[in-house]
file final31.cif (mmCIF, C-alpha atoms)
data_query
loop_
_atom_site.label_atom_id
_atom_site.label_comp_id
_atom_site.auth_asym_id
_atom_site.auth_seq_id
_atom_site.Cartn_x
_atom_site.Cartn_y
_atom_site.Cartn_z
CA MET A 1079 47.92 -29.71 -38.45
CA VAL A 1080 45.77 -30.98 -41.33
CA ARG A 1081 42.18 -29.86 -41.14
CA ASN A 1082 39.73 -31.77 -43.31
CA ILE A 1083 36.55 -30.08 -44.54
CA LEU A 1084 33.67 -31.99 -46.12
CA TRP A 1085 31.18 -29.57 -47.69
CA LEU A 1086 28.05 -31.51 -48.63
CA GLY A 1087 25.68 -28.98 -50.15
CA ALA A 1088 22.73 -28.95 -50.05
CA HIS A 1089 21.81 -28.45 -53.68
CA LYS A 1090 20.41 -25.02 -54.61
CA THR A 1091 22.04 -23.23 -51.67
CA GLY A 1092 24.61 -21.25 -53.64
CA THR A 1093 26.99 -24.17 -54.04
CA THR A 1094 27.78 -23.64 -57.73
CA TYR A 1095 28.54 -19.96 -57.16
CA LEU A 1096 30.79 -20.74 -54.21
CA GLN A 1097 32.58 -23.54 -56.06
CA LYS A 1098 33.28 -21.33 -59.08
CA SER A 1099 34.51 -18.61 -56.74
CA LEU A 1100 36.89 -21.12 -55.18
CA ASP A 1101 38.12 -21.99 -58.68
CA LEU A 1102 38.88 -18.30 -59.24
CA SER A 1103 40.66 -18.16 -55.87
CA GLN A 1104 43.08 -21.05 -56.43
CA ASP A 1105 46.15 -18.81 -56.05
CA ALA A 1106 44.96 -17.71 -52.61
CA LEU A 1107 44.11 -21.29 -51.68
CA ARG A 1108 47.59 -22.48 -52.63
CA THR A 1109 49.15 -19.60 -50.69
CA HIS A 1110 47.30 -20.74 -47.59
CA ASN A 1111 48.00 -24.43 -48.25
CA VAL A 1112 44.41 -25.38 -49.06
CA LYS A 1113 44.01 -28.41 -51.32
CA TYR A 1114 40.86 -28.04 -53.43
CA ILE A 1115 40.03 -29.94 -56.62
CA GLU A 1116 37.75 -28.22 -59.13
CA LEU A 1117 34.24 -29.70 -59.11
CA ASN A 1118 34.11 -31.45 -62.50
CA ALA A 1119 37.56 -32.97 -61.99
CA PHE A 1120 36.60 -34.09 -58.49
CA ARG A 1121 33.45 -35.75 -59.75
CA ASP A 1122 35.32 -37.55 -62.51
CA LYS A 1123 38.00 -38.81 -60.12
CA TYR A 1124 35.94 -39.59 -57.03
CA THR A 1125 32.18 -38.92 -56.84
CA ARG A 1126 31.09 -40.77 -59.97
CA PRO A 1127 33.26 -43.88 -59.65
CA LEU A 1128 32.93 -44.12 -55.88
CA ILE A 1129 29.25 -43.27 -55.40
CA ASN A 1130 27.26 -42.41 -58.52
CA GLY A 1131 28.98 -44.28 -61.32
CA ARG A 1132 28.48 -47.56 -63.09
CA PRO A 1133 29.73 -50.84 -61.60
CA GLY A 1134 33.38 -51.43 -62.38
CA MET A 1135 34.42 -47.77 -62.37
CA THR A 1136 37.55 -47.18 -60.31
CA ALA A 1137 38.08 -44.12 -58.15
CA ALA A 1138 41.39 -42.30 -58.52
CA ALA A 1139 44.10 -42.62 -55.91
CA ASN A 1140 43.83 -40.15 -53.07
CA GLU A 1141 45.37 -36.81 -54.06
CA PHE A 1142 44.80 -35.14 -50.72
CA ASP A 1143 47.64 -34.80 -48.21
CA THR A 1144 46.42 -36.47 -45.05
CA GLN A 1145 49.73 -36.25 -43.21
CA GLY A 1146 51.29 -32.84 -43.81
CA PRO A 1147 50.08 -29.40 -42.70
CA GLY A 1148 47.28 -27.55 -44.44
CA ILE A 1149 43.61 -27.90 -45.22
CA ASN A 1150 41.89 -30.49 -47.41
CA LEU A 1151 38.63 -29.08 -48.84
CA VAL A 1152 36.17 -31.51 -50.43
CA PHE A 1153 33.09 -29.75 -51.80
CA ASP A 1154 30.44 -31.59 -53.83
CA GLU A 1155 26.68 -31.52 -53.25
CA ASN A 1156 26.33 -34.72 -55.27
CA ILE A 1157 28.07 -36.72 -52.56
CA PRO A 1158 24.90 -37.09 -50.41
CA ALA A 1159 22.56 -37.49 -53.42
CA LEU A 1160 21.95 -36.64 -57.03
CA VAL A 1161 19.19 -34.07 -57.51
CA GLN A 1162 16.66 -36.66 -58.66
CA HIS A 1163 17.28 -38.79 -55.56
CA VAL A 1164 17.10 -36.12 -52.86
CA CYS A 1165 13.41 -36.60 -52.04
CA THR A 1166 12.29 -39.96 -50.67
CA PRO A 1167 9.16 -40.94 -48.73
CA GLU A 1168 11.28 -41.12 -45.56
CA GLY A 1169 12.82 -37.66 -45.90
CA VAL A 1170 15.55 -35.84 -47.81
CA TYR A 1171 19.11 -37.06 -48.39
CA CYS A 1172 18.40 -40.24 -46.47
CA GLN A 1173 21.45 -42.04 -47.91
CA GLY A 1174 23.62 -38.96 -47.42
CA PRO A 1175 25.43 -39.99 -44.23
CA GLU A 1176 26.43 -43.39 -45.63
CA ARG A 1177 27.58 -41.88 -48.93
CA ALA A 1178 29.52 -39.11 -47.19
CA ARG A 1179 31.20 -41.67 -44.95
CA ARG A 1180 32.23 -43.70 -47.99
CA MET A 1181 33.84 -40.63 -49.58
CA ALA A 1182 35.60 -39.60 -46.38
CA ASP A 1183 36.99 -43.09 -45.87
CA HIS A 1184 38.35 -43.26 -49.42
CA LEU A 1185 40.03 -39.86 -49.07
CA GLU A 1186 41.18 -40.61 -45.51
CA LEU A 1187 39.50 -37.51 -44.13
CA ASP A 1188 39.87 -38.02 -40.42
CA THR A 1189 37.06 -36.35 -38.41
CA PRO A 1190 36.29 -33.71 -41.03
CA THR A 1191 34.52 -30.47 -40.31
CA LEU A 1192 31.09 -30.87 -41.94
CA VAL A 1193 29.61 -27.90 -43.82
CA LEU A 1194 25.99 -27.78 -44.92
CA GLY A 1195 23.81 -25.11 -46.49
CA ILE A 1196 20.07 -25.28 -45.86
CA ARG A 1197 17.11 -23.43 -47.32
CA SER A 1198 13.40 -23.18 -46.75
CA PHE A 1199 11.67 -26.00 -48.59
CA THR A 1200 9.29 -23.40 -50.05
CA GLY A 1201 12.05 -22.34 -52.43
CA PHE A 1202 14.35 -25.35 -52.23
CA LEU A 1203 11.97 -27.94 -53.68
CA PRO A 1204 10.78 -25.97 -56.75
CA SER A 1205 14.42 -25.09 -57.54
CA LEU A 1206 15.49 -28.69 -57.05
CA TYR A 1207 12.67 -29.89 -59.30
CA CYS A 1208 13.65 -27.50 -62.08
CA GLU A 1209 17.24 -28.67 -61.77
CA THR A 1210 16.19 -32.30 -62.28
CA LEU A 1211 14.37 -31.39 -65.48
CA LYS A 1212 17.66 -30.44 -67.13
CA ALA A 1213 18.92 -34.04 -67.24
CA ASN A 1214 15.98 -36.34 -66.44
CA PRO A 1215 12.69 -37.34 -68.11
CA PHE A 1216 9.91 -34.88 -67.41
CA LYS A 1217 7.51 -35.63 -64.60
CA PRO A 1218 4.99 -33.35 -62.88
CA PHE A 1219 6.12 -31.70 -59.66
CA ARG A 1220 3.72 -33.66 -57.46
CA LYS A 1221 5.19 -36.94 -58.72
CA PHE A 1222 8.71 -35.62 -58.17
CA LEU A 1223 7.90 -34.67 -54.57
CA ARG A 1224 7.62 -38.07 -52.89
CA THR A 1225 8.26 -36.74 -49.38
CA PRO A 1226 5.31 -36.08 -47.05
CA PHE A 1227 5.40 -32.59 -45.59
CA GLU A 1228 5.99 -33.89 -42.07
CA ASN A 1229 9.23 -35.49 -43.26
CA LEU A 1230 10.55 -32.32 -44.91
CA ARG A 1231 13.08 -31.49 -42.22
CA TRP A 1232 16.76 -30.50 -42.19
CA TYR A 1233 17.50 -31.15 -38.53
CA PRO A 1234 17.20 -34.97 -38.71
CA TRP A 1235 19.70 -35.00 -41.58
CA VAL A 1236 22.14 -32.89 -39.57
CA LYS A 1237 21.90 -35.34 -36.67
CA ALA A 1238 22.29 -38.34 -38.99
CA LEU A 1239 25.46 -36.80 -40.46
CA GLN A 1240 26.82 -36.23 -36.98
CA GLY A 1241 26.08 -39.86 -36.19
CA ALA A 1242 28.18 -40.93 -39.18
CA PHE A 1243 31.06 -38.65 -38.10
CA PRO A 1244 31.33 -38.80 -34.30
CA GLY A 1245 33.06 -35.76 -32.86
CA ALA A 1246 33.05 -33.79 -36.12
CA GLN A 1247 32.35 -30.07 -36.02
CA MET A 1248 29.14 -29.14 -37.84
CA LEU A 1249 28.78 -25.75 -39.57
CA VAL A 1250 25.40 -24.87 -41.07
CA TYR A 1251 24.53 -21.75 -43.04
CA GLN A 1252 21.20 -20.47 -44.32
CA TYR A 1253 20.91 -19.78 -48.03
CA GLU A 1254 18.46 -16.94 -47.40
CA ASN A 1255 21.21 -14.98 -45.62
CA LEU A 1256 24.06 -15.78 -48.01
CA ARG A 1257 23.82 -12.93 -50.53
CA GLY A 1258 26.61 -10.44 -49.85
CA GLN A 1259 28.18 -12.73 -47.26
CA GLU A 1260 29.91 -15.17 -49.63
CA GLN A 1261 33.44 -13.99 -48.88
CA GLY A 1262 32.70 -13.95 -45.17
CA LEU A 1263 31.39 -17.51 -45.30
CA LEU A 1264 34.45 -18.80 -47.16
CA SER A 1265 36.66 -16.91 -44.72
CA ARG A 1266 34.86 -18.38 -41.72
CA ILE A 1267 35.28 -21.90 -43.03
CA LEU A 1268 38.84 -21.71 -44.35
CA GLY A 1269 40.42 -19.10 -42.07
CA ILE A 1270 41.52 -16.90 -45.00
CA SER A 1271 40.87 -13.16 -45.16
CA PRO A 1272 37.63 -12.39 -47.01
CA GLN A 1273 39.34 -10.05 -49.46
CA ASP A 1274 41.63 -12.87 -50.62
CA PHE A 1275 38.71 -14.59 -52.34
CA THR A 1276 37.77 -13.73 -55.92
CA LEU A 1277 34.03 -14.05 -56.35
CA LEU A 1278 32.41 -15.09 -59.58
CA GLU A 1279 30.75 -12.21 -61.38
CA ALA A 1280 26.99 -12.67 -61.35
CA VAL A 1281 25.84 -14.63 -64.37
CA GLU A 1282 22.15 -14.73 -65.20
CA ARG A 1283 21.09 -18.25 -66.13
CA PRO A 1284 17.73 -18.85 -67.84
CA GLY A 1285 15.26 -20.12 -65.26
CA PHE A 1286 12.01 -22.06 -65.46
CA SER A 1287 9.03 -19.78 -65.09
CA HIS A 1288 5.68 -21.01 -63.82
CA ARG A 1289 4.29 -20.53 -67.33
CA ALA A 1290 7.08 -22.69 -68.81
CA ILE A 1291 6.43 -25.52 -66.35
CA ARG A 1292 2.69 -25.32 -66.98
CA THR A 1293 3.30 -25.54 -70.72
CA LEU A 1294 5.53 -28.59 -70.30
CA ARG A 1295 2.99 -30.24 -67.99
CA GLU A 1296 0.26 -29.84 -70.58
CA MET A 1297 2.55 -31.23 -73.26
CA HIS A 1298 3.40 -34.20 -71.02
CA LYS A 1299 -0.28 -35.22 -71.00
CA GLU A 1300 -0.20 -35.70 -74.77
CA THR A 1301 3.34 -36.75 -75.68
CA LYS A 1302 6.86 -37.32 -74.44
CA VAL A 1303 8.67 -34.12 -73.47
CA GLU A 1304 12.04 -33.95 -75.20
CA PRO A 1305 15.08 -31.88 -74.11
CA LYS A 1306 14.41 -29.53 -77.01
CA ASP A 1307 10.91 -28.93 -75.65
CA LEU A 1308 12.40 -27.82 -72.33
CA ARG A 1309 14.80 -25.44 -74.01
CA ASP A 1310 12.02 -24.01 -76.17
CA ALA A 1311 9.72 -23.49 -73.18
CA VAL A 1312 12.41 -21.68 -71.19
CA LYS A 1313 13.29 -19.53 -74.20
CA ARG A 1314 9.65 -18.69 -74.90
CA TYR A 1315 8.67 -18.09 -71.25
CA PRO A 1316 11.85 -17.08 -69.40
CA LYS A 1317 11.72 -16.46 -65.69
CA GLY A 1318 11.86 -12.71 -65.19
CA PRO A 1319 9.74 -9.56 -64.92
CA LYS A 1320 7.14 -10.89 -67.35
CA TYR A 1321 6.93 -14.49 -66.12
CA SER A 1322 7.25 -15.35 -62.44
CA GLY A 1323 9.30 -18.28 -61.21
CA PHE A 1324 7.78 -21.70 -60.70
CA HIS A 1325 5.54 -21.64 -57.62
CA PRO A 1326 3.67 -24.91 -56.90
CA TRP A 1327 2.34 -24.15 -53.41
CA ASN A 1328 -1.03 -22.98 -52.20
CA ALA A 1329 -1.27 -20.61 -49.22
CA ALA A 1330 -1.76 -23.40 -46.63
CA GLU A 1331 1.21 -25.37 -47.96
CA LYS A 1332 3.45 -22.31 -47.90
CA GLU A 1333 2.53 -21.66 -44.29
CA THR A 1334 3.18 -25.28 -43.30
CA LEU A 1335 6.59 -25.27 -44.96
CA LYS A 1336 7.42 -21.94 -43.34
CA GLN A 1337 6.63 -23.36 -39.89
CA LEU A 1338 8.67 -26.53 -40.53
CA TYR A 1339 11.71 -24.47 -41.52
CA ALA A 1340 11.30 -22.25 -38.46
CA ARG A 1341 11.25 -25.41 -36.34
CA ASP A 1342 14.47 -26.61 -37.97
CA ILE A 1343 16.19 -23.29 -37.30
CA ALA A 1344 15.02 -23.31 -33.69
CA ASP A 1345 16.31 -26.87 -33.20
CA LEU A 1346 19.67 -25.98 -34.74
CA GLN A 1347 20.00 -22.86 -32.60
CA LYS A 1348 19.34 -24.85 -29.43
CA ASP A 1349 21.77 -27.64 -30.33
CA PRO A 1350 25.19 -27.01 -28.73
CA THR A 1351 26.85 -29.43 -31.17
CA VAL A 1352 25.87 -27.35 -34.22
CA ASN A 1353 27.32 -23.98 -35.21
CA LEU A 1354 24.55 -22.18 -37.09
CA LEU A 1355 26.14 -19.41 -39.11
CA PHE A 1356 24.12 -16.29 -39.90
CA SER A 1357 22.18 -16.62 -36.68
CA ARG A 1358 24.27 -13.52 -36.02
CA SER A 1359 26.06 -11.47 -38.64
CA LEU A 1360 29.22 -13.08 -39.95
CA GLU A 1361 31.17 -10.02 -38.80
CA ASN A 1362 30.16 -10.77 -35.20
CA GLU A 1363 30.68 -14.48 -35.77
CA MET A 1364 34.26 -13.93 -36.95
CA SER A 1365 35.14 -11.34 -34.27
CA ASN A 1366 34.41 -13.91 -31.58
CA GLN A 1367 36.70 -16.59 -33.02
#
call {"tool": "encode", "arguments": {"input": "final31.cif", "output": "structure tokens"}}
result
Amino acid sequence: MVRNILWLGAHKTGTTYLQKSLDLSQDALRTHNVKYIELNAFRDKYTRPLINGRPGMTAAANEFDTQGPGINLVFDENIPALVQHVCTPEGVYCQGPERARRMADHLELDTPTLVLGIRSFTGFLPSLYCETLKANPFKPFRKFLRTPFENLRWYPWVKALQGAFPGAQMLVYQYENLRGQEQGLLSRILGISPQDFTLLEAVERPGFSHRAIRTLREMHKETKVEPKDLRDAVKRYPKGPKYSGFHPWNAAEKETLKQLYARDIADLQKDPTVNLLFSRSLENEMSNQ
């Protein structure tokens, strides 16, 4: 029977690494009758014209097999939101359920299994902010973060997604527990042996250090920050042993965010309609399937 999988991110939860590993594992995916379209091609054909593109763009015809046997895997964290639109005063990914439903309807994904990675907002929001700087006009972090702390929750988004897909299975993994478990996660979701997946070799990408962001913020007070200014700041103050990563929180804020994330995890663990991966080791998770 066809099994449809809709993997919706979130951003900055290892999605790029997992997607590139799936690209490297296309032979194994074909062997196991998994239909997966590489991310950039998928965005060109579906995400941009259907959700994020300009008026008048036309989405490609459905290339997924919704009748025959196999698995249809749709994996794009930009379906629920672009990075610059994740944070709203009401919460995060507030338009995500509607956007995901639109994609699923176009691709005829009947009752898909929903997959979602989550991460403590302590690390998620600074990483998300730095990601927005790569393609959007510079703004200080506190203007980027439009969401009040009390609305920084993952559990309400999980329930909203379930409301948009009645009866769908929900799998949630924690980014903090992903390292070293990537093959196990892909195996758990797709039902393919872990060793069949080819993982991307680790590639160090230049990151925004706290010093680089501070430099850009000071520049922003005097003049417009250009893309070249961002590149120069990262090159001059690269994240690493000498310059720590961007860290915008004070001690009280870090503690509040820590408690909110713990509350989310507790709510997910108690919810019988959600399968929270990594609450046990993946080896135990898979042995009980």
call {"tool": "closest_residue", "arguments": {"input": "final31.cif", "among": "A:Met1248, A:Leu1264, A:Leu1230, A:Leu1239", "to": "A:Leu1335", "atoms": "only C-alpha atoms"}}
result
A:Leu1230
call {"tool": "residues_around", "arguments": {"input": "final31.cif", "residues": "A:Val1250", "least_positions_apart": "6", "cutoff": "6 Å", "atoms": "all atoms listed in the file", "output": "list in words"}}
result
Val1193, Leu1194, Gly1195, Leu1354 and Leu1355 of chain A
call {"tool": "resolve_selection", "arguments": {"input": "final31.cif", "expression": "the PyMOL selection byres ((chain A and resi 1249) around 12)", "output": "PDB file with C-alpha atoms, in the coordinates of the input"}}
result
ATOM      1  CA  ILE A1083      36.550 -30.080 -44.540  1.00  0.00           C
ATOM      2  CA  LEU A1084      33.670 -31.990 -46.120  1.00  0.00           C
ATOM      3  CA  TRP A1085      31.180 -29.570 -47.690  1.00  0.00           C
ATOM      4  CA  LEU A1086      28.050 -31.510 -48.630  1.00  0.00           C
ATOM      5  CA  GLY A1087      25.680 -28.980 -50.150  1.00  0.00           C
ATOM      6  CA  PRO A1190      36.290 -33.710 -41.030  1.00  0.00           C
ATOM      7  CA  THR A1191      34.520 -30.470 -40.310  1.00  0.00           C
ATOM      8  CA  LEU A1192      31.090 -30.870 -41.940  1.00  0.00           C
ATOM      9  CA  VAL A1193      29.610 -27.900 -43.820  1.00  0.00           C
ATOM     10  CA  LEU A1194      25.990 -27.780 -44.920  1.00  0.00           C
ATOM     11  CA  GLY A1195      23.810 -25.110 -46.490  1.00  0.00           C
ATOM     12  CA  ILE A1196      20.070 -25.280 -45.860  1.00  0.00           C
ATOM     13  CA  VAL A1236      22.140 -32.890 -39.570  1.00  0.00           C
ATOM     14  CA  LEU A1239      25.460 -36.800 -40.460  1.00  0.00           C
ATOM     15  CA  GLN A1240      26.820 -36.230 -36.980  1.00  0.00           C
ATOM     16  CA  ALA A1246      33.050 -33.790 -36.120  1.00  0.00           C
ATOM     17  CA  GLN A1247      32.350 -30.070 -36.020  1.00  0.00           C
ATOM     18  CA  MET A1248      29.140 -29.140 -37.840  1.00  0.00           C
ATOM     19  CA  VAL A1250      25.400 -24.870 -41.070  1.00  0.00           C
ATOM     20  CA  TYR A1251      24.530 -21.750 -43.040  1.00  0.00           C
ATOM     21  CA  GLN A1252      21.200 -20.470 -44.320  1.00  0.00           C
ATOM     22  CA  LEU A1263      31.390 -17.510 -45.300  1.00  0.00           C
ATOM     23  CA  LEU A1264      34.450 -18.800 -47.160  1.00  0.00           C
ATOM     24  CA  ARG A1266      34.860 -18.380 -41.720  1.00  0.00           C
ATOM     25  CA  ILE A1267      35.280 -21.900 -43.030  1.00  0.00           C
ATOM     26  CA  LEU A1268      38.840 -21.710 -44.350  1.00  0.00           C
ATOM     27  CA  LEU A1346      19.670 -25.980 -34.740  1.00  0.00           C
ATOM     28  CA  GLN A1347      20.000 -22.860 -32.600  1.00  0.00           C
ATOM     29  CA  ASP A1349      21.770 -27.640 -30.330  1.00  0.00           C
ATOM     30  CA  PRO A1350      25.190 -27.010 -28.730  1.00  0.00           C
ATOM     31  CA  THR A1351      26.850 -29.430 -31.170  1.00  0.00           C
ATOM     32  CA  VAL A1352      25.870 -27.350 -34.220  1.00  0.00           C
ATOM     33  CA  ASN A1353      27.320 -23.980 -35.210  1.00  0.00           C
ATOM     34  CA  LEU A1354      24.550 -22.180 -37.090  1.00  0.00           C
ATOM     35  CA  LEU A1355      26.140 -19.410 -39.110  1.00  0.00           C
ATOM     36  CA  PHE A1356      24.120 -16.290 -39.900  1.00  0.00           C
ATOM     37  CA  SER A1357      22.180 -16.620 -36.680  1.00  0.00           C
TER      38      SER A1357
END
call {"tool": "closest_residue", "arguments": {"input": "final31.cif", "among": "A:Leu1294, A:Leu1223, A:Ala1182, A:Met1135", "to": "A:Pro1167", "atoms": "only C-alpha atoms"}}
result
A:Leu1223
call {"tool": "residues_around", "arguments": {"input": "final31.cif", "residues": "stretch 1100-1109 of chain A", "least_positions_apart": "5", "cutoff": "12 Å", "atoms": "all atoms listed in the file", "output": "VMD selection string"}}
result
chain A and resid 1093 to 1095 1114 to 1119 1148 to 1153 1260 to 1261 1263 to 1265 1268 to 1279
call {"tool": "closest_residue", "arguments": {"input": "final31.cif", "among": "A:Gly1169, A:Gly1201, A:Leu1185, A:Ala1139", "to": "A:Glu1254", "atoms": "all atoms listed in the file"}}
result
A:Gly1201
call {"tool": "closest_residue", "arguments": {"input": "final31.cif", "among": "A:His1163, A:Arg1180, A:Lys1317, A:Arg1257", "to": "A:Gly1092", "atoms": "all atoms listed in the file"}}
result
A:Arg1257
call {"tool": "resolve_selection", "arguments": {"input": "final31.cif", "expression": "the PyMOL selection byres ((chain A and resi 1161) around 12)", "output": "PyMOL selection string"}}
result
chain A and resi 1087-1090+1130+1155-1160+1162-1166+1170-1171+1202-1214+1222-1223
call {"tool": "atom_distance", "arguments": {"input": "final31.cif", "atom1": "atom CA of A:Lys1237", "atom2": "atom CA of A:Ala1137"}}
result
28.3 Å
call {"tool": "resolve_selection", "arguments": {"input": "final31.cif", "expression": "the PyMOL selection byres ((chain A and resi 1143-1146) around 7)", "output": "list of chain:residue names"}}
result
A:Val1080, A:Glu1141, A:Phe1142, A:Pro1147, A:Gly1148, A:Glu1186
call {"tool": "atom_distance", "arguments": {"input": "final31.cif", "atom1": "atom CA of A:Pro1244", "atom2": "atom CA of A:Gly1174"}}
result
15.2 Å
call {"tool": "closest_atom_pairs", "arguments": {"input": "final31.cif", "of": "stretch 1255-1296 of chain A", "to": "stretch 1303-1310 of chain A", "cutoff": "9 Å", "atoms": "all atoms listed in the file", "output": "Markdown table"}}
result
| residue | atom | partner | partner_atom | distance |
| --- | --- | --- | --- | --- |
| A:Phe1286 | CA | A:Leu1308 | CA | 9.0 |
| A:Ala1290 | CA | A:Leu1308 | CA | 8.2 |
| A:Ile1291 | CA | A:Leu1308 | CA | 8.8 |
| A:Leu1294 | CA | A:Val1303 | CA | 7.1 |
| A:Arg1295 | CA | A:Val1303 | CA | 8.8 |
call {"tool": "closest_residue", "arguments": {"input": "final31.cif", "among": "A:Lys1348, A:Arg1224, A:Arg1177, A:Lys1217", "to": "A:Lys1299", "atoms": "only C-alpha atoms"}}
result
A:Lys1217
call {"tool": "atom_distance", "arguments": {"input": "final31.cif", "atom1": "atom CA of A:Ser1198", "atom2": "atom CA of A:Lys1336"}}
result
7.0 Å
call {"tool": "closest_residue", "arguments": {"input": "final31.cif", "among": "A:His1110, A:Pro1326, A:Gly1258, A:Asn1082", "to": "A:Asp1183", "atoms": "all atoms listed in the file"}}
result
A:Asn1082
call {"tool": "decode", "arguments": {"input": "final31.cif", "residues": "stretch 1274-1336 of chain A", "atoms": "C-alpha atoms", "output": "mmCIF file, in the first residue's frame"}}
result
data_model
loop_
_atom_site.group_PDB
_atom_site.id
_atom_site.type_symbol
_atom_site.label_atom_id
_atom_site.label_comp_id
_atom_site.auth_asym_id
_atom_site.auth_seq_id
_atom_site.Cartn_x
_atom_site.Cartn_y
_atom_site.Cartn_z
ATOM 1 C CA ASP A 1274 21.368 1.387 3.536
ATOM 2 C CA PHE A 1275 21.534 5.158 3.980
ATOM 3 C CA THR A 1276 24.585 7.122 2.861
ATOM 4 C CA LEU A 1277 25.112 10.067 5.175
ATOM 5 C CA LEU A 1278 26.582 13.344 4.050
ATOM 6 C CA GLU A 1279 30.126 13.842 5.243
ATOM 7 C CA ALA A 1280 30.253 16.633 7.786
ATOM 8 C CA VAL A 1281 30.827 19.974 6.110
ATOM 9 C CA GLU A 1282 31.758 22.963 8.231
ATOM 10 C CA ARG A 1283 29.812 26.031 7.146
ATOM 11 C CA PRO A 1284 30.876 29.496 8.334
ATOM 12 C CA GLY A 1285 28.602 30.576 11.160
ATOM 13 C CA PHE A 1286 27.671 33.933 12.662
ATOM 14 C CA SER A 1287 29.563 34.569 15.865
ATOM 15 C CA HIS A 1288 28.263 36.879 18.566
ATOM 16 C CA ARG A 1289 31.041 39.319 17.667
ATOM 17 C CA ALA A 1290 29.971 39.309 13.994
ATOM 18 C CA ILE A 1291 26.333 40.035 14.866
ATOM 19 C CA ARG A 1292 27.380 42.800 17.260
ATOM 20 C CA THR A 1293 29.503 44.363 14.524
ATOM 21 C CA LEU A 1294 26.621 44.262 12.054
ATOM 22 C CA ARG A 1295 24.229 45.720 14.628
ATOM 23 C CA GLU A 1296 26.535 48.664 15.216
ATOM 24 C CA MET A 1297 26.879 49.179 11.470
ATOM 25 C CA HIS A 1298 23.084 49.059 11.093
ATOM 26 C CA LYS A 1299 22.773 52.106 13.373
ATOM 27 C CA GLU A 1300 24.797 54.190 10.912
ATOM 28 C CA THR A 1301 24.108 52.791 7.446
ATOM 29 C CA LYS A 1302 22.426 50.068 5.439
ATOM 30 C CA VAL A 1303 24.008 46.641 5.892
ATOM 31 C CA GLU A 1304 24.790 45.109 2.515
ATOM 32 C CA PRO A 1305 25.281 41.382 1.737
ATOM 33 C CA LYS A 1306 28.999 42.039 1.365
ATOM 34 C CA ASP A 1307 29.052 43.426 4.908
ATOM 35 C CA LEU A 1308 27.588 40.162 6.206
ATOM 36 C CA ARG A 1309 30.161 38.089 4.363
ATOM 37 C CA ASP A 1310 32.983 40.307 5.611
ATOM 38 C CA ALA A 1311 31.778 40.112 9.225
ATOM 39 C CA VAL A 1312 31.551 36.314 9.135
ATOM 40 C CA LYS A 1313 34.979 36.073 7.515
ATOM 41 C CA ARG A 1314 36.540 38.455 10.019
ATOM 42 C CA TYR A 1315 34.807 36.988 13.101
ATOM 43 C CA PRO A 1316 33.987 33.350 12.280
ATOM 44 C CA LYS A 1317 32.128 31.254 14.793
ATOM 45 C CA GLY A 1318 34.644 28.910 16.372
ATOM 46 C CA PRO A 1319 37.147 28.550 19.217
ATOM 47 C CA LYS A 1320 38.018 32.247 19.163
ATOM 48 C CA TYR A 1321 34.528 33.696 18.705
ATOM 49 C CA SER A 1322 31.490 32.096 20.336
ATOM 50 C CA GLY A 1323 28.212 31.651 18.509
ATOM 51 C CA PHE A 1324 25.484 34.257 18.649
ATOM 52 C CA HIS A 1325 23.864 34.220 22.096
ATOM 53 C CA PRO A 1326 21.170 36.878 22.653
ATOM 54 C CA TRP A 1327 19.701 35.645 25.947
ATOM 55 C CA ASN A 1328 20.271 36.718 29.522
ATOM 56 C CA ALA A 1329 20.208 34.131 32.323
ATOM 57 C CA ALA A 1330 16.513 34.665 33.172
ATOM 58 C CA GLU A 1331 15.462 34.347 29.531
ATOM 59 C CA LYS A 1332 17.461 31.152 29.088
ATOM 60 C CA GLU A 1333 15.790 29.633 32.120
ATOM 61 C CA THR A 1334 12.315 30.626 30.904
ATOM 62 C CA LEU A 1335 12.932 29.116 27.476
ATOM 63 C CA LYS A 1336 14.328 25.972 29.061
#
